[in-house]
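Participant: My file is run-v5.cif. It has mmCIF, C-alpha atoms:
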data_start
#
loop_
_atom_site.label_atom_id
_atom_site.label_comp_id
_atom_site.auth_asym_id
_atom_site.auth_seq_id
_atom_site.Cartn_x
_atom_site.Cartn_y
_atom_site.Cartn_z
CA MET A 1 -8.82 3.87 -9.69
CA LYS A 2 -8.18 5.87 -6.60
CA GLU A 3 -5.66 4.51 -4.16
CA ARG A 4 -3.96 5.70 -1.00
CA THR A 5 -0.53 7.20 -1.43
CA PHE A 6 2.07 5.10 0.34
CA ALA A 7 5.24 6.83 -0.73
CA PRO A 8 6.12 8.19 2.72
CA ALA A 9 5.81 4.79 4.34
CA TYR A 10 7.77 3.01 1.64
CA LEU A 11 10.51 5.61 1.62
CA LEU A 12 10.79 5.47 5.38
CA ALA A 13 10.92 1.68 5.25
CA LEU A 14 14.26 1.86 3.47
CA GLY A 15 15.74 3.09 6.72
CA LEU A 16 13.77 0.96 9.14
CA CYS A 17 15.72 -2.27 8.73
CA GLY A 18 18.69 -0.89 10.57
CA LEU A 19 16.77 0.25 13.62
CA ALA A 20 17.35 -1.93 16.63
CA ALA A 21 14.08 -0.99 18.26
CA LEU A 22 12.11 -3.30 15.97
CA THR A 23 13.93 -5.72 13.71
CA LEU A 24 12.28 -5.93 10.29
CA PRO A 25 12.69 -8.75 7.79
CA ALA A 26 14.90 -7.89 4.87
CA CYS A 27 13.04 -5.18 3.00
CA GLY A 28 11.88 -6.28 -0.41
CA GLY A 29 12.87 -9.86 0.29
CA SER A 30 12.01 -12.76 -1.94
CA SER A 31 8.41 -13.87 -2.08
CA SER A 32 7.21 -17.24 -0.94
CA PRO A 33 5.29 -19.36 -3.45
CA MET A 34 1.73 -18.21 -3.93
CA SER A 35 -1.26 -20.37 -4.66
CA SER A 36 -2.99 -20.13 -7.98
CA GLY A 37 -6.06 -18.55 -6.45
CA SER A 38 -8.42 -20.60 -8.55
CA GLY A 39 -12.02 -20.82 -7.51
CA GLY A 40 -14.05 -23.78 -6.38
CA ASN A 41 -14.43 -25.78 -3.23
CA MET A 42 -11.23 -27.75 -3.16
CA PRO A 43 -11.18 -30.72 -0.83
CA GLY A 44 -8.65 -30.65 1.93
CA SER A 45 -8.02 -31.86 5.43
CA GLY A 46 -7.36 -29.89 8.55
CA GLY A 47 -9.98 -27.23 7.98
CA SER A 48 -12.46 -28.46 10.48
CA THR A 49 -10.02 -28.76 13.34
CA GLY A 50 -8.48 -25.34 12.94
CA SER A 51 -5.21 -26.71 14.28
CA GLY A 52 -2.43 -24.21 14.22
CA GLY A 53 -4.91 -21.57 13.21
CA GLY A 54 -7.03 -18.90 14.77
CA SER A 55 -9.48 -18.92 17.57
CA GLY A 56 -12.39 -20.21 15.56
CA GLY A 57 -14.34 -17.09 14.82
CA GLU A 58 -17.45 -15.91 16.57
CA THR A 59 -18.24 -19.05 18.55
CA SER A 60 -14.97 -20.12 20.10
CA GLY A 61 -11.54 -19.02 21.31
CA THR A 62 -11.19 -15.40 22.29
CA GLY A 63 -14.39 -14.32 20.58
CA GLY A 64 -16.98 -12.88 22.93
CA ASP A 65 -17.17 -9.67 24.80
CA MET A 66 -15.68 -11.15 27.96
CA GLY A 67 -12.57 -12.03 25.98
CA SER A 68 -12.22 -15.56 27.27
CA GLY A 69 -12.98 -19.11 26.33
CA GLY A 70 -15.59 -18.32 23.76
CA THR A 71 -18.07 -16.97 26.30
CA LEU A 72 -20.81 -15.40 24.27
CA PRO A 73 -22.01 -11.99 25.42
CA PRO A 74 -25.67 -11.09 25.55
CA ALA A 75 -26.91 -9.51 22.36
CA ASP A 76 -26.59 -6.03 23.80
CA ALA A 77 -23.20 -6.58 25.46
CA GLY A 78 -20.55 -3.93 25.48
CA SER A 79 -22.91 -1.05 25.14
CA GLY A 80 -25.29 1.17 26.99
CA GLY A 81 -28.07 3.53 26.19
CA ALA A 82 -31.75 3.15 25.66
CA SER A 83 -33.24 0.81 23.11
CA ALA A 84 -35.49 2.19 20.41
CA ASP A 85 -37.59 0.83 17.62
CA ALA A 86 -36.55 1.20 13.99
CA GLY A 87 -37.26 4.59 12.54
CA SER A 88 -37.36 6.39 15.86
CA ASP A 89 -37.61 10.17 15.95
CA GLY A 90 -33.85 10.39 16.53
CA SER A 91 -32.99 8.82 13.16
CA VAL A 92 -30.87 11.02 10.93
CA GLU A 93 -32.33 11.77 7.54
CA ALA A 94 -30.32 11.68 4.33
CA ALA A 95 -29.39 15.08 2.91
CA PRO A 96 -27.47 16.25 -0.16
CA ASP A 97 -25.33 18.92 1.48
CA ALA A 98 -21.59 18.32 1.61
CA VAL A 99 -18.50 19.68 3.30
CA ALA A 100 -14.90 19.62 2.16
CA ASN A 101 -12.76 16.76 3.33
CA PRO A 102 -10.12 17.87 5.84
CA ASP A 103 -7.39 17.34 3.25
CA GLY A 104 -9.38 19.18 0.60
CA SER A 105 -9.42 16.13 -1.68
CA ALA A 106 -13.16 15.84 -2.20
CA ALA A 107 -16.56 16.77 -0.87
CA PHE A 108 -17.98 14.75 2.00
CA ASN A 109 -21.67 14.62 2.84
CA SER A 110 -22.15 16.60 6.03
CA THR A 111 -25.21 14.62 7.10
CA VAL A 112 -23.33 11.35 6.76
CA MET A 113 -20.55 12.86 8.84
CA ALA A 114 -23.03 13.93 11.50
CA THR A 115 -24.49 10.42 11.62
CA MET A 116 -21.04 8.91 11.93
CA ARG A 117 -20.25 11.20 14.84
CA LYS A 118 -23.53 10.40 16.57
CA VAL A 119 -22.98 6.64 16.29
CA ALA A 120 -19.29 6.81 17.17
CA ASP A 121 -19.81 9.07 20.17
CA TRP A 122 -22.50 6.80 21.57
CA GLN A 123 -20.22 3.77 21.28
CA LEU A 124 -17.20 5.67 22.57
CA MET A 125 -18.86 6.00 25.96
CA SER A 126 -18.45 2.25 26.48
CA ALA A 127 -15.60 1.42 24.09
CA GLY A 128 -13.36 -0.07 26.77
CA THR A 129 -9.92 -1.58 26.30
CA MET A 130 -10.75 -5.06 25.03
CA LYS A 131 -8.62 -6.23 22.10
CA ASP A 132 -10.74 -9.17 21.01
CA TRP A 133 -12.16 -9.35 17.49
CA ILE A 134 -15.44 -7.78 18.60
CA HIS A 135 -13.64 -4.59 19.54
CA GLY A 136 -10.87 -4.93 16.96
CA ALA A 137 -13.52 -4.68 14.26
CA MET A 138 -15.09 -1.74 16.06
CA TRP A 139 -11.85 0.22 16.14
CA THR A 140 -11.41 -0.05 12.37
CA GLY A 141 -14.47 2.21 12.26
CA PHE A 142 -12.98 4.69 14.71
CA MET A 143 -9.98 4.98 12.43
CA ALA A 144 -12.41 5.62 9.57
CA ILE A 145 -14.15 8.46 11.40
CA TYR A 146 -10.79 9.95 12.37
CA ASP A 147 -9.81 9.88 8.69
CA VAL A 148 -13.01 11.73 7.83
CA THR A 149 -13.11 14.29 10.64
CA LYS A 150 -9.47 14.60 11.79
CA ASP A 151 -10.96 14.99 15.25
CA MET A 152 -8.17 14.09 17.66
CA LYS A 153 -10.55 12.62 20.22
CA TYR A 154 -10.94 9.57 17.99
CA LEU A 155 -7.20 9.08 17.48
CA THR A 156 -6.60 9.64 21.20
CA ALA A 157 -9.21 6.98 21.95
CA ILE A 158 -7.42 4.58 19.60
CA GLU A 159 -4.09 5.30 21.29
CA ASN A 160 -5.57 4.76 24.74
CA TRP A 161 -7.14 1.48 23.62
CA ALA A 162 -3.88 0.25 22.10
CA GLY A 163 -1.91 1.04 25.25
CA ALA A 164 1.74 1.91 25.54
CA GLY A 165 2.91 -1.39 24.07
CA TRP A 166 0.45 -1.61 21.15
CA ALA A 167 0.34 -5.35 21.81
CA LEU A 168 -2.14 -8.02 20.75
CA ASN A 169 -3.93 -10.49 22.98
CA GLY A 170 -1.52 -13.41 22.92
CA GLY A 171 1.47 -11.28 21.98
CA ALA A 172 3.68 -12.76 19.28
CA GLY A 173 1.60 -15.92 19.47
CA ALA A 174 -1.63 -14.14 18.52
CA ARG A 175 -3.48 -15.78 15.66
CA GLY A 176 -6.71 -15.33 13.80
CA ASP A 177 -9.26 -13.23 15.66
CA ASP A 178 -6.65 -11.83 18.05
CA GLN A 179 -4.77 -10.32 15.10
CA CYS A 180 -7.74 -8.16 14.11
CA ALA A 181 -6.58 -5.26 16.30
CA ALA A 182 -3.30 -5.05 14.38
CA GLN A 183 -4.85 -3.49 11.30
CA THR A 184 -5.80 -0.40 13.30
CA PHE A 185 -2.42 -0.32 15.04
CA PHE A 186 -0.66 -0.40 11.66
CA GLU A 187 -2.94 2.27 10.22
CA ALA A 188 -2.09 4.48 13.18
CA TYR A 189 1.59 4.05 12.31
CA LEU A 190 0.94 4.89 8.66
CA LEU A 191 -0.64 8.18 9.75
CA ASP A 192 2.78 9.31 10.97
CA PRO A 193 5.45 6.77 9.93
CA VAL A 194 8.41 8.07 11.92
CA PRO A 195 10.82 6.08 14.11
CA ALA A 196 9.22 7.46 17.28
CA ASN A 197 5.99 5.69 16.31
CA MET A 198 7.49 2.29 15.53
CA VAL A 199 5.97 0.93 18.74
CA ARG A 200 2.71 0.94 16.77
CA LEU A 201 4.22 -1.90 14.74
CA SER A 202 4.77 -4.08 17.80
CA ALA A 203 2.18 -6.60 16.56
CA LYS A 204 4.50 -7.25 13.62
CA SER A 205 6.12 -10.16 15.47
CA SER A 206 2.84 -12.09 15.31
CA PHE A 207 2.76 -11.75 11.53
CA ASP A 208 6.47 -12.50 11.21
CA GLN A 209 5.85 -15.94 12.68
CA LEU A 210 3.37 -16.67 9.90
CA VAL A 211 5.90 -15.47 7.34
CA ALA A 212 8.59 -17.73 8.79
CA ASN A 213 6.35 -20.79 9.08
CA THR A 214 3.37 -20.33 6.80
CA PRO A 215 0.44 -22.65 7.45
CA ALA A 216 -2.15 -23.61 4.86
CA GLY A 217 -4.91 -21.05 4.64
CA ARG A 218 -7.58 -23.70 5.03
CA THR A 219 -5.99 -24.72 8.31
CA ALA A 220 -5.27 -21.29 9.79
CA TRP A 221 -8.21 -19.37 8.28
CA TRP A 222 -10.84 -22.08 8.05
CA TRP A 223 -13.77 -19.76 8.88
CA GLU A 224 -14.75 -16.89 6.61
CA ASP A 225 -14.56 -14.25 9.36
CA ALA A 226 -10.79 -14.68 9.44
CA LEU A 227 -10.53 -13.09 6.00
CA PHE A 228 -11.45 -9.78 7.62
CA MET A 229 -9.51 -10.28 10.83
CA VAL A 230 -6.01 -10.94 9.44
CA PRO A 231 -5.34 -10.16 5.74
CA PRO A 232 -5.95 -6.40 6.07
CA GLY A 233 -3.28 -6.36 8.77
CA PHE A 234 -0.83 -8.10 6.46
CA ALA A 235 -1.54 -5.56 3.73
CA ARG A 236 -1.00 -2.63 6.08
CA LEU A 237 2.20 -4.13 7.44
CA GLY A 238 3.49 -4.58 3.92
CA ALA A 239 2.74 -0.93 3.19
CA ALA A 240 4.37 0.20 6.43
CA THR A 241 7.60 -1.72 5.89
CA GLY A 242 7.90 -1.94 2.12
CA ASP A 243 8.55 -5.68 2.53
CA LYS A 244 6.65 -7.60 -0.15
CA GLN A 245 6.99 -10.83 1.80
CA TYR A 246 3.97 -9.78 3.86
CA PHE A 247 1.85 -9.53 0.71
CA ALA A 248 3.21 -12.87 -0.53
CA THR A 249 2.42 -14.69 2.70
CA MET A 250 -1.03 -13.14 2.85
CA ASN A 251 -1.72 -14.22 -0.71
CA GLN A 252 -0.50 -17.76 -0.13
CA MET A 253 -2.81 -18.19 2.86
CA TYR A 254 -5.77 -16.19 1.56
CA TRP A 255 -6.18 -17.98 -1.73
CA ASP A 256 -5.95 -21.41 -0.16
CA SER A 257 -8.67 -20.40 2.31
CA TYR A 258 -10.70 -18.97 -0.56
CA ALA A 259 -10.47 -22.22 -2.51
CA PHE A 260 -11.63 -24.07 0.60
CA LEU A 261 -14.65 -21.86 1.41
CA TRP A 262 -15.77 -20.21 -1.82
CA SER A 263 -18.96 -21.31 -3.60
CA PRO A 264 -18.54 -20.57 -7.32
CA GLN A 265 -22.21 -21.41 -7.85
CA ASP A 266 -23.27 -18.61 -5.48
CA ASN A 267 -20.30 -16.22 -5.71
CA LEU A 268 -20.43 -16.17 -1.92
CA MET A 269 -18.50 -17.77 0.93
CA PHE A 270 -19.52 -20.64 3.14
CA ARG A 271 -19.04 -19.89 6.82
CA ASP A 272 -16.84 -22.95 7.38
CA HIS A 273 -16.58 -26.69 6.79
CA GLN A 274 -17.59 -27.79 10.26
CA GLY A 275 -21.20 -28.64 9.64
CA ASN A 276 -22.29 -25.18 8.59
CA ASP A 277 -20.73 -25.54 5.15
CA ARG A 278 -23.97 -24.86 3.28
CA THR A 279 -24.73 -21.71 5.24
CA GLN A 280 -24.74 -18.42 3.38
CA TRP A 281 -24.59 -16.09 6.34
CA ALA A 282 -24.89 -12.35 5.90
CA ARG A 283 -22.37 -11.15 8.47
CA GLY A 284 -19.92 -13.89 7.53
CA ASN A 285 -20.01 -12.79 3.90
CA GLY A 286 -19.84 -9.20 5.11
CA TRP A 287 -16.51 -9.98 6.71
CA VAL A 288 -15.28 -11.30 3.36
CA ILE A 289 -16.25 -8.46 1.02
CA ALA A 290 -15.17 -5.85 3.57
CA GLY A 291 -11.89 -7.66 4.17
CA ALA A 292 -11.15 -7.82 0.44
CA ALA A 293 -11.81 -4.09 0.08
CA ARG A 294 -9.53 -3.36 3.03
CA VAL A 295 -6.78 -5.48 1.51
CA LEU A 296 -7.10 -3.59 -1.77
CA GLU A 297 -6.68 -0.27 0.05
CA TYR A 298 -3.02 -1.14 0.65
CA LEU A 299 -2.18 -3.89 -1.86
CA PRO A 300 0.36 -2.66 -4.44
CA MET A 301 -1.06 -2.02 -7.88
CA ASP A 302 1.41 -4.50 -9.38
CA ASP A 303 0.69 -7.32 -6.93
CA PRO A 304 -0.08 -10.46 -8.98
CA LYS A 305 -3.16 -11.22 -6.88
CA ARG A 306 -4.69 -7.77 -7.04
CA PRO A 307 -7.05 -8.72 -9.90
CA ASN A 308 -8.20 -11.71 -7.81
CA PHE A 309 -9.14 -9.47 -4.88
CA VAL A 310 -10.95 -7.12 -7.24
CA LYS A 311 -12.88 -10.12 -8.55
CA VAL A 312 -13.92 -11.08 -5.01
CA VAL A 313 -15.52 -7.65 -4.59
CA THR A 314 -17.18 -7.65 -8.01
CA ASP A 315 -18.41 -11.25 -7.74
CA MET A 316 -19.84 -10.75 -4.28
CA ALA A 317 -21.46 -7.41 -5.13
CA GLY A 318 -23.20 -9.06 -8.06
CA ALA A 319 -24.47 -11.86 -5.84
CA LEU A 320 -25.56 -9.54 -3.02
CA LYS A 321 -27.44 -6.96 -5.09
CA PRO A 322 -30.54 -9.12 -5.73
CA LYS A 323 -30.59 -10.29 -2.11
CA GLN A 324 -30.97 -6.78 -0.69
CA GLY A 325 -34.32 -6.14 0.97
CA THR A 326 -36.70 -3.49 -0.29
CA ASP A 327 -35.86 -1.50 2.86
CA GLY A 328 -32.16 -1.50 1.90
CA CYS A 329 -31.03 -3.97 4.58
CA TRP A 330 -30.03 -7.55 4.05
CA ARG A 331 -31.39 -10.45 6.11
CA SER A 332 -29.19 -12.75 8.16
CA ASP A 333 -29.78 -15.84 6.01
CA LEU A 334 -28.83 -15.06 2.42
CA ARG A 335 -30.35 -18.30 1.15
CA ASN A 336 -33.69 -17.81 2.87
CA ALA A 337 -34.60 -14.26 3.84
CA ASN A 338 -37.82 -15.49 5.45
CA ALA A 339 -35.94 -17.60 7.99
CA PHE A 340 -35.15 -14.43 9.96
CA PRO A 341 -37.21 -11.69 8.32
CA ASN A 342 -35.96 -8.86 10.54
CA PRO A 343 -33.31 -6.52 9.11
CA GLU A 344 -29.76 -7.37 10.17
CA THR A 345 -27.46 -4.37 10.39
CA SER A 346 -24.01 -5.86 10.94
CA GLY A 347 -24.05 -7.75 7.65
CA THR A 348 -25.68 -4.74 5.99
CA ALA A 349 -22.95 -2.43 7.31
CA PHE A 350 -20.09 -4.51 5.93
CA PHE A 351 -21.87 -5.09 2.60
CA THR A 352 -22.52 -1.37 2.30
CA PHE A 353 -18.88 -0.59 2.98
CA GLY A 354 -17.55 -3.15 0.48
CA ILE A 355 -19.93 -2.08 -2.29
CA ALA A 356 -19.46 1.64 -1.66
CA TRP A 357 -15.70 1.19 -1.63
CA GLY A 358 -15.92 -0.61 -4.96
CA VAL A 359 -17.94 2.25 -6.45
CA ASN A 360 -15.58 4.93 -5.16
CA ASN A 361 -12.53 3.07 -6.46
CA GLY A 362 -13.87 2.37 -9.92
CA ILE A 363 -14.26 -1.39 -9.73
CA LEU A 364 -18.06 -1.39 -9.48
CA ASP A 365 -20.32 0.42 -11.90
CA LYS A 366 -21.58 3.60 -10.27
CA ALA A 367 -25.00 3.62 -11.92
CA MET A 368 -25.66 0.04 -10.86
CA TYR A 369 -24.13 -0.12 -7.39
CA GLN A 370 -24.18 3.36 -5.86
CA PRO A 371 -27.95 3.06 -5.31
CA VAL A 372 -27.39 -0.32 -3.62
CA ALA A 373 -24.89 1.15 -1.18
CA GLN A 374 -26.99 4.26 -0.62
CA LYS A 375 -30.05 2.13 0.21
CA GLY A 376 -27.91 0.07 2.59
CA TRP A 377 -26.74 3.22 4.35
CA ASP A 378 -30.22 4.67 4.56
CA CYS A 379 -31.48 1.44 6.14
CA LEU A 380 -28.68 1.54 8.70
CA VAL A 381 -29.50 5.15 9.54
CA SER A 382 -33.16 4.27 10.02
CA HIS A 383 -32.17 1.89 12.81
CA VAL A 384 -30.07 4.43 14.75
CA ASP A 385 -32.02 5.71 17.75
CA ALA A 386 -32.03 9.20 19.23
CA SER A 387 -29.00 8.44 21.40
CA GLY A 388 -26.88 7.12 18.54
CA LYS A 389 -27.34 3.41 19.19
CA LEU A 390 -27.49 1.14 16.14
CA GLY A 391 -30.11 -1.60 16.54
CA TYR A 392 -31.02 -4.86 14.81
CA VAL A 393 -27.50 -6.30 15.20
CA GLN A 394 -27.33 -10.08 15.31
CA ALA A 395 -25.52 -11.32 18.41
CA VAL A 396 -22.20 -13.15 18.30
CA GLY A 397 -22.68 -16.46 16.53
CA GLY A 398 -21.58 -18.64 13.65
CA ALA A 399 -24.74 -18.85 11.53
CA PRO A 400 -27.81 -16.80 10.62
CA GLY A 401 -29.98 -15.71 13.52
CA PRO A 402 -32.52 -13.16 14.69
CA ALA A 403 -31.99 -9.58 15.79
CA ASN A 404 -34.25 -7.18 17.64
CA PRO A 405 -34.60 -3.38 17.52
CA GLY A 406 -32.56 -2.90 20.71
CA ASP A 407 -29.81 -5.42 19.91
CA THR A 408 -26.39 -3.92 19.24
CA GLN A 409 -22.75 -4.96 19.22
CA PRO A 410 -19.45 -3.06 18.82
CA TYR A 411 -18.44 -4.78 15.57
CA ALA A 412 -21.52 -3.43 13.81
CA ILE A 413 -20.55 0.11 14.80
CA GLY A 414 -17.18 -0.50 13.17
CA GLY A 415 -18.89 -1.65 10.00
CA MET A 416 -21.25 1.31 9.93
CA LEU A 417 -18.43 3.82 10.36
CA LEU A 418 -16.46 2.15 7.57
CA ALA A 419 -19.56 2.33 5.39
CA GLY A 420 -20.13 5.98 6.24
CA LYS A 421 -16.60 6.87 5.22
CA GLU A 422 -17.36 5.61 1.72
CA VAL A 423 -21.02 6.62 1.31
CA GLY A 424 -20.16 10.15 2.42
CA LYS A 425 -17.98 10.49 -0.69
CA PHE A 426 -20.85 9.82 -3.09
CA THR A 427 -21.77 12.52 -5.57
CA PRO A 428 -25.10 12.70 -7.40
#
If you took the structure in this file and wrote it as structure tokens, what would it be?

Facilitator:
Amino acid sequence: MKERTFAPAYLLALGLCGLAALTLPACGGSSSPMSSGSGGNMPGSGGSTGSGGGSGGETSGTGGDMGSGGTLPPADAGSGGASADAGSDGSVEAAPDAVANPDGSAAFNSTVMATMRKVADWQLMSAGTMKDWIHGAMWTGFMAIYDVTKDMKYLTAIENWAGAGWALNGGAGARGDDQCAAQTFFEAYLLDPVPANMVRLSAKSSFDQLVANTPAGRTAWWWEDALFMVPPGFARLGAATGDKQYFATMNQMYWDSYAFLWSPQDNLMFRDHQGNDRTQWARGNGWVIAGAARVLEYLPMDDPKRPNFVKVVTDMAGALKPKQGTDGCWRSDLRNANAFPNPETSGTAFFTFGIAWGVNNGILDKAMYQPVAQKGWDCLVSHVDASGKLGYVQAVGGAPGPANPGDTQPYAIGGMLLAGKEVGKFTP
């Protein structure tokens, strides 16, 4: 199983605790109790109110491209460029040629890289400085394309977006959706983990508050989207500091939320328990499988919950495979594809990333799942127009819904770039 190498960050962390610039918890401190992580829909109170928790996902709180009060943006908000129908002449075709990765570690498909650049460069023209979840998810993709290309324009864009203080919306009080941006901040630190870059860990104080006073997962993360927004940040912060308390707190909250939202009959997540509890929503489940993969990227190999996160990816991949459309895309309603028969590219992007990551890291069978991820990528590519705009993205919401050829959103671009980073590593 291929994993990132964290030695530089962990070694540096031994000296971080004494730095006054950013006080760290005691490195390697004792772990808080962790939940059993058992499956099933456990009953529990507090989930529907979201008290003490995040901003409520896509339909409330800071969600929305205006960054305030849950105002929903139009389906094409946050982007420019001309609309185009699926399969326009500007679509990039798949090709077998490959180029060496910048670090020389493996071959990377040059056509996938070109598609990633085209999509990223189109979105970069209107990327803005918003730090809501819509853009936080987008910037995870810009970090992915920087990892692939080592093109400094993408890292510079990330630095400009983060700003001098690398702060979250809500500061130390940020919760839920507002913590999404932290995972990119922390990855930027891990690129060059030296004291001069510790400002990139400024969002740490928000996570420290959850460590000090840990709420129940079903209260703080009562909607499935939260499992992408926050846990990957915890995992990256644990890697950056070497403090296992961040992994322990993440596990305690994650597995309580999982028990609250998971459907063992379907091996998929419910969106929430606020009236939509029977919904099997594509993008919502995309957040979950992608979030689990992103946790595994930084979760120590000896973490007691690592096998549980692996099982989330394998269980969900098994459930998603038969629901994939013949065109390679998934539909917004996983229970009833005919409810919204158009392709839906945001869910498809996150599914493709999660499944491709599982293949590349040896937890999903290559013969069975690489074709699934490749078909997902090819469907995404077919809905990129000549300018680089990804279409058929469902607008901000909390349940399945329609999407049109010209509909796009920044979070889908993030998902597609994450997916490209993994699909580009495929070998025949």

Participant: Which residue is closest to A:Leu320? Choose from A:Met269, A:Val295, A:Thr279, A:Met116 and count only C-alpha atoms.

Facilitator: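 Once distances to A:Leu320 are computed over only C-alpha atoms, the minimum belongs to A:Met269.
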
Participant: At what distance in Å, to one decimal, does atom CA of A:Ala403 lie from atom CA of A:Pro343?

Facilitator: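 Atom CA of A:Ala403 lies at a distance of 7.5 Å from atom CA of A:Pro343.
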
Participant: Atom CA of A:Asn361 and atom CA of A:Val423 are how many Å apart?

Facilitator: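 Value for the atom CA of A:Asn361-atom CA of A:Val423 distance: 12.0 Å.
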
Participant: What is the distance, in Å and to one decimal place, between atom CA of A:Pro232 and atom CA of A:Phe186?

Facilitator: 9.8 Å

Participant: Given the file above and the PyMOL selection byres ((chain A and resi 317) around 10), which residues are selected, and can you give them as a ChimeraX atom specification?

Facilitator: /A:267-268,289,311-316,318-322,351-352,354-356,358,364,369,372

Participant: Could the residues in this selection be saved with C-alpha atoms as a PDB file, in the coordinates of the input?

Facilitator:
ATOM      1  CA  ASN A 267     -20.300 -16.220  -5.710  1.00  0.00           C
ATOM      2  CA  LEU A 268     -20.430 -16.170  -1.920  1.00  0.00           C
ATOM      3  CA  ILE A 289     -16.250  -8.460   1.020  1.00  0.00           C
ATOM      4  CA  LYS A 311     -12.880 -10.120  -8.550  1.00  0.00           C
ATOM      5  CA  VAL A 312     -13.920 -11.080  -5.010  1.00  0.00           C
ATOM      6  CA  VAL A 313     -15.520  -7.650  -4.590  1.00  0.00           C
ATOM      7  CA  THR A 314     -17.180  -7.650  -8.010  1.00  0.00           C
ATOM      8  CA  ASP A 315     -18.410 -11.250  -7.740  1.00  0.00           C
ATOM      9  CA  MET A 316     -19.840 -10.750  -4.280  1.00  0.00           C
ATOM     10  CA  GLY A 318     -23.200  -9.060  -8.060  1.00  0.00           C
ATOM     11  CA  ALA A 319     -24.470 -11.860  -5.840  1.00  0.00           C
ATOM     12  CA  LEU A 320     -25.560  -9.540  -3.020  1.00  0.00           C
ATOM     13  CA  LYS A 321     -27.440  -6.960  -5.090  1.00  0.00           C
ATOM     14  CA  PRO A 322     -30.540  -9.120  -5.730  1.00  0.00           C
ATOM     15  CA  PHE A 351     -21.870  -5.090   2.600  1.00  0.00           C
ATOM     16  CA  THR A 352     -22.520  -1.370   2.300  1.00  0.00           C
ATOM     17  CA  GLY A 354     -17.550  -3.150   0.480  1.00  0.00           C
ATOM     18  CA  ILE A 355     -19.930  -2.080  -2.290  1.00  0.00           C
ATOM     19  CA  ALA A 356     -19.460   1.640  -1.660  1.00  0.00           C
ATOM     20  CA  GLY A 358     -15.920  -0.610  -4.960  1.00  0.00           C
ATOM     21  CA  LEU A 364     -18.060  -1.390  -9.480  1.00  0.00           C
ATOM     22  CA  TYR A 369     -24.130  -0.120  -7.390  1.00  0.00           C
ATOM     23  CA  VAL A 372     -27.390  -0.320  -3.620  1.00  0.00           C
TER      24      VAL A 372
END
